[in-house]
Amino acid sequence: MSESAQRHATGAAPSRRSLWWRVKGPAIFALVSLALIWIAAPSLPARWGIHFGVPYRIFFTLALLGAALFFVLLNWGPTRQPGTPALTFVSILAIYVGTVGGVMAFGLWYYPQFEVPRDAGAKGTEQAAEKRGRNVFLGAAGNCFACHTIETLGIRGGQRGPDLSDSGKQAGVRRPGTSADEYLLQSIVDPWACFTPLPGSRLVECQPKADPAKTYPQLMPPGSRERLSETELSDLVAFLKSLTGAPEKNGASRKQ
């Protein structure tokens with residue numbers, strides 16, 4: 001009879017060596033994965049267009065820790081089984097609720113792509129066009145919230161694009177000689193018309209051609225003019241232009 005089987009039969013506590021054998025594989029896997037998520041991934045060059053925000057990293061961290069725990073349990077050996085079918089069913093249900101329910105609860109609480117956008121409530125001073133533009137931003141036709149967040153309004157959307165909390169303020173100064181309305185409209189209907197330079201690249205804003213290694217990746221999808229009417233585009237521009245209430249994040253702003 002093996003050492004682990006003898007301990008199980010006699011009820012003796014496992015030795016430290018036995019405990020380490022059971023957890024060393026999952027522990028090494030967890031440490032390597034955490035290093036990749038929290039150290040290697042954020043160190044990738046911005047020009048690669050690969051960026052995982054904190055919510056994504058938290059989500060993947062919880063997932064890999066759950067996987068590591070699963071393999072620890074596999075290595076743990078025989079465990080006492082429920083005494084009745086009813087207890088077996090309750091055990092399976094508890095595991096299902098604890099895993100699937102936990103992931104869903106985290107997603108609804110913080111993970112942007114799983115969260116249903118909520119209107120934090122428009123101020124009574126907002127103009128009608130701005131209110132309609134908010135609906136375009138949150139609606140299926142515009143679908144702007146899939147990639148953009150507006151923290152100042154409590155609209156938590158995706159993180160592939162920048163936070164638009166101060167898009168109106170940025171648009172007014174982004175291109176000399178171009179009004180905020182013109183800049184915002186072009187950014188929506190023709191997002192690839194110009195390149196936004198990376199910090200320290202010594203490139204000017206929206207020059208016709210640029211080295212892709214020195215500019216932000218063009219992630220904004222085209223086709224907005226086909227999906228939205230002229231009125232909807234005008235309302236969306238009015239809404240984005242009204243957003244002037246948040247400081248820049250992460251040191252440098254990006255093209256809206």
# chains A, B, ... in the order shown; residues from 1 in each chain; ligands from 1
call {"tool": "residues_around", "arguments": {"residues": "A:Ile37", "least_positions_apart": "2", "cutoff": "10 Å", "atoms": "only C-alpha atoms", "output": "ChimeraX atom specification"}}
result
/A:31-35,39-43,52,54,56-58,60-61
call {"tool": "residues_around", "arguments": {"residues": "stretch 133-143 of chain A", "least_positions_apart": "4", "cutoff": "12 Å", "atoms": "only C-alpha atoms", "output": "JSON, numbers by chain"}}
result
{"A": [116, 117, 118, 119, 120, 121, 122, 123, 126, 127, 128, 129, 147, 148, 149, 150, 153, 155, 156, 157, 158, 164, 188, 189, 220, 221, 222, 223, 224, 225, 226, 227, 228, 229, 230, 231, 232, 233, 234, 235, 236, 237, 238, 239, 240, 241, 242, 243]}
call {"tool": "write_last_selection", "arguments": {"atoms": "C-alpha atoms", "output": "short mmCIF file (atom, residue, chain, number, x, y, z; two decimals), in the first residue's frame"}}
result
data_model
loop_
_atom_site.label_atom_id
_atom_site.label_comp_id
_atom_site.auth_asym_id
_atom_site.auth_seq_id
_atom_site.Cartn_x
_atom_site.Cartn_y
_atom_site.Cartn_z
CA VAL A 116 -25.00 46.28 -19.48
CA PRO A 117 -24.45 50.00 -20.03
CA ARG A 118 -26.36 52.19 -17.62
CA ASP A 119 -27.27 55.79 -18.06
CA ALA A 120 -26.14 57.55 -14.89
CA GLY A 121 -28.82 60.18 -15.39
CA ALA A 122 -28.62 63.24 -17.59
CA LYS A 123 -28.46 66.66 -16.01
CA GLU A 126 -28.25 69.06 -21.20
CA GLN A 127 -29.49 70.09 -24.60
CA ALA A 128 -31.83 67.86 -26.58
CA ALA A 129 -29.12 67.03 -29.14
CA CYS A 147 -14.98 50.05 -26.90
CA HIS A 148 -15.26 53.30 -24.93
CA THR A 149 -15.92 54.26 -21.32
CA ILE A 150 -17.18 57.59 -19.96
CA LEU A 153 -21.06 59.77 -16.43
CA ILE A 155 -20.90 54.63 -18.31
CA ARG A 156 -18.52 51.70 -18.04
CA GLY A 157 -17.95 50.26 -21.49
CA GLY A 158 -15.03 48.56 -23.19
CA LEU A 164 -14.06 59.76 -23.57
CA ILE A 188 -16.10 59.04 -36.19
CA VAL A 189 -16.71 58.76 -39.94
CA MET A 220 -11.47 52.55 -34.56
CA PRO A 221 -13.71 50.71 -37.08
CA PRO A 222 -14.91 52.57 -40.19
CA GLY A 223 -18.46 52.56 -41.53
CA SER A 224 -20.18 54.92 -39.09
CA ARG A 225 -21.61 57.04 -41.91
CA GLU A 226 -23.33 53.97 -43.31
CA ARG A 227 -24.76 52.92 -39.94
CA LEU A 228 -25.84 56.34 -38.67
CA SER A 229 -27.95 59.08 -40.21
CA GLU A 230 -26.71 62.66 -40.51
CA THR A 231 -28.90 63.64 -37.56
CA GLU A 232 -27.53 60.81 -35.42
CA LEU A 233 -23.96 61.77 -36.30
CA SER A 234 -24.67 65.41 -35.44
CA ASP A 235 -26.24 64.42 -32.13
CA LEU A 236 -23.33 62.10 -31.30
CA VAL A 237 -20.83 64.89 -32.01
CA ALA A 238 -22.83 67.25 -29.78
CA PHE A 239 -22.79 64.70 -26.97
CA LEU A 240 -19.05 64.02 -27.24
CA LYS A 241 -18.31 67.74 -27.47
CA SER A 242 -20.13 68.28 -24.16
CA LEU A 243 -17.77 65.91 -22.33
#
call {"tool": "select_by_dssp", "arguments": {"residues": "stretch 151-194 of chain A", "states": "alpha helix (DSSP H)", "output": "PyMOL selection string"}}
result
chain A and resi 167-174+180-189
call {"tool": "residues_around", "arguments": {"residues": "A:Val23", "least_positions_apart": "6", "cutoff": "9 Å", "atoms": "only C-alpha atoms", "output": "VMD selection string"}}
result
chain A and resid 68 to 69 71 to 73 75 to 76
call {"tool": "closest_residue", "arguments": {"among": "A:Pro162, A:Gly168, A:Pro217, A:Gly101", "to": "A:Cys194", "atoms": "only C-alpha atoms"}}
result
A:Pro217
call {"tool": "atom_distance", "arguments": {"atom1": "atom CA of A:Ser18", "atom2": "atom CA of A:Leu74"}}
result
13.8 Å
call {"tool": "select_by_dssp", "arguments": {"residues": "stretch 22-246 of chain A", "states": "strand (DSSP E or B)", "output": "PyMOL selection string"}}
result
chain A and resi 150+155+197+215
call {"tool": "write_last_selection", "arguments": {"atoms": "N, CA and C atoms", "output": "PDB file, in the first residue's frame"}}
result
ATOM      1  N   ILE A 150     -17.061  56.193 -20.362  1.00  0.00           N
ATOM      2  CA  ILE A 150     -17.183  57.594 -19.963  1.00  0.00           C
ATOM      3  C   ILE A 150     -17.321  57.596 -18.445  1.00  0.00           C
ATOM      4  N   ILE A 155     -20.697  55.574 -17.216  1.00  0.00           N
ATOM      5  CA  ILE A 155     -20.901  54.630 -18.313  1.00  0.00           C
ATOM      6  C   ILE A 155     -19.634  53.799 -18.458  1.00  0.00           C
ATOM      7  N   PRO A 197       0.335  60.181 -32.991  1.00  0.00           N
ATOM      8  CA  PRO A 197       1.701  59.764 -32.647  1.00  0.00           C
ATOM      9  C   PRO A 197       1.831  59.302 -31.204  1.00  0.00           C
ATOM     10  N   THR A 215       3.198  55.351 -34.073  1.00  0.00           N
ATOM     11  CA  THR A 215       1.827  55.831 -33.891  1.00  0.00           C
ATOM     12  C   THR A 215       0.994  54.782 -33.178  1.00  0.00           C
TER      13      THR A 215
END
call {"tool": "decode", "arguments": {"residues": "stretch 12-83 of chain A", "atoms": "C-alpha atoms", "output": "PDB file, in the first residue's frame"}}
result
ATOM      1  CA  ALA A  12      -3.004  10.511   9.374  1.00  0.00           C
ATOM      2  CA  ALA A  13      -2.073  14.033   8.318  1.00  0.00           C
ATOM      3  CA  PRO A  14       0.101  14.249   5.166  1.00  0.00           C
ATOM      4  CA  SER A  15       3.767  15.132   5.566  1.00  0.00           C
ATOM      5  CA  ARG A  16       5.261  18.398   4.368  1.00  0.00           C
ATOM      6  CA  ARG A  17       6.993  16.580   1.541  1.00  0.00           C
ATOM      7  CA  SER A  18       3.703  15.058   0.452  1.00  0.00           C
ATOM      8  CA  LEU A  19       1.957  18.446   0.615  1.00  0.00           C
ATOM      9  CA  TRP A  20       4.675  20.055  -1.520  1.00  0.00           C
ATOM     10  CA  TRP A  21       4.388  17.275  -4.108  1.00  0.00           C
ATOM     11  CA  ARG A  22       0.685  17.955  -4.373  1.00  0.00           C
ATOM     12  CA  VAL A  23       0.930  21.711  -4.847  1.00  0.00           C
ATOM     13  CA  LYS A  24       4.291  22.330  -6.561  1.00  0.00           C
ATOM     14  CA  GLY A  25       3.059  21.834 -10.142  1.00  0.00           C
ATOM     15  CA  PRO A  26      -0.019  24.095  -9.834  1.00  0.00           C
ATOM     16  CA  ALA A  27       2.006  26.609  -7.805  1.00  0.00           C
ATOM     17  CA  ILE A  28       4.690  26.904 -10.509  1.00  0.00           C
ATOM     18  CA  PHE A  29       1.964  27.189 -13.161  1.00  0.00           C
ATOM     19  CA  ALA A  30       0.229  29.966 -11.193  1.00  0.00           C
ATOM     20  CA  LEU A  31       3.430  31.951 -10.601  1.00  0.00           C
ATOM     21  CA  VAL A  32       4.491  31.792 -14.264  1.00  0.00           C
ATOM     22  CA  SER A  33       1.013  32.765 -15.440  1.00  0.00           C
ATOM     23  CA  LEU A  34       0.807  35.674 -12.998  1.00  0.00           C
ATOM     24  CA  ALA A  35       4.178  36.932 -14.229  1.00  0.00           C
ATOM     25  CA  LEU A  36       2.938  36.813 -17.816  1.00  0.00           C
ATOM     26  CA  ILE A  37      -0.295  38.649 -16.976  1.00  0.00           C
ATOM     27  CA  TRP A  38       1.039  41.339 -14.636  1.00  0.00           C
ATOM     28  CA  ILE A  39       4.647  41.819 -15.831  1.00  0.00           C
ATOM     29  CA  ALA A  40       5.191  40.554 -19.385  1.00  0.00           C
ATOM     30  CA  ALA A  41       1.925  41.687 -21.008  1.00  0.00           C
ATOM     31  CA  PRO A  42       2.048  45.324 -19.731  1.00  0.00           C
ATOM     32  CA  SER A  43       5.661  45.535 -20.932  1.00  0.00           C
ATOM     33  CA  LEU A  44       4.776  44.887 -24.581  1.00  0.00           C
ATOM     34  CA  PRO A  45       5.367  47.878 -26.897  1.00  0.00           C
ATOM     35  CA  ALA A  46       2.284  50.059 -27.393  1.00  0.00           C
ATOM     36  CA  ARG A  47       2.714  49.879 -31.168  1.00  0.00           C
ATOM     37  CA  TRP A  48       1.812  46.181 -31.066  1.00  0.00           C
ATOM     38  CA  GLY A  49      -1.747  47.127 -30.218  1.00  0.00           C
ATOM     39  CA  ILE A  50      -1.964  44.527 -27.437  1.00  0.00           C
ATOM     40  CA  HIS A  51      -3.211  45.979 -24.184  1.00  0.00           C
ATOM     41  CA  PHE A  52      -4.961  44.265 -21.284  1.00  0.00           C
ATOM     42  CA  GLY A  53      -6.585  46.622 -18.799  1.00  0.00           C
ATOM     43  CA  VAL A  54      -6.766  45.923 -15.090  1.00  0.00           C
ATOM     44  CA  PRO A  55     -10.245  44.314 -15.292  1.00  0.00           C
ATOM     45  CA  TYR A  56      -8.994  41.846 -17.889  1.00  0.00           C
ATOM     46  CA  ARG A  57      -5.926  41.018 -15.819  1.00  0.00           C
ATOM     47  CA  ILE A  58      -8.026  40.499 -12.690  1.00  0.00           C
ATOM     48  CA  PHE A  59     -10.395  38.240 -14.620  1.00  0.00           C
ATOM     49  CA  PHE A  60      -7.607  36.080 -16.058  1.00  0.00           C
ATOM     50  CA  THR A  61      -5.887  35.973 -12.649  1.00  0.00           C
ATOM     51  CA  LEU A  62      -9.011  34.570 -11.012  1.00  0.00           C
ATOM     52  CA  ALA A  63      -9.402  32.069 -13.857  1.00  0.00           C
ATOM     53  CA  LEU A  64      -5.843  30.734 -13.606  1.00  0.00           C
ATOM     54  CA  LEU A  65      -5.983  30.562  -9.801  1.00  0.00           C
ATOM     55  CA  GLY A  66      -9.155  28.507 -10.142  1.00  0.00           C
ATOM     56  CA  ALA A  67      -7.390  26.213 -12.607  1.00  0.00           C
ATOM     57  CA  ALA A  68      -4.414  25.844 -10.252  1.00  0.00           C
ATOM     58  CA  LEU A  69      -6.747  24.974  -7.373  1.00  0.00           C
ATOM     59  CA  PHE A  70      -8.447  22.383  -9.582  1.00  0.00           C
ATOM     60  CA  PHE A  71      -5.132  20.613 -10.239  1.00  0.00           C
ATOM     61  CA  VAL A  72      -4.241  20.771  -6.542  1.00  0.00           C
ATOM     62  CA  LEU A  73      -7.475  18.932  -5.774  1.00  0.00           C
ATOM     63  CA  LEU A  74      -6.686  16.365  -8.465  1.00  0.00           C
ATOM     64  CA  ASN A  75      -3.334  15.692  -6.794  1.00  0.00           C
ATOM     65  CA  TRP A  76      -4.818  15.566  -3.320  1.00  0.00           C
ATOM     66  CA  GLY A  77      -5.931  11.978  -3.616  1.00  0.00           C
ATOM     67  CA  PRO A  78      -9.120  10.256  -2.406  1.00  0.00           C
ATOM     68  CA  THR A  79     -11.546  12.391  -0.413  1.00  0.00           C
ATOM     69  CA  ARG A  80     -14.603  11.515   1.586  1.00  0.00           C
ATOM     70  CA  GLN A  81     -17.656  11.304  -0.662  1.00  0.00           C
ATOM     71  CA  PRO A  82     -21.166  12.577   0.232  1.00  0.00           C
ATOM     72  CA  GLY A  83     -23.147   9.945   2.076  1.00  0.00           C
TER      73      GLY A  83
END
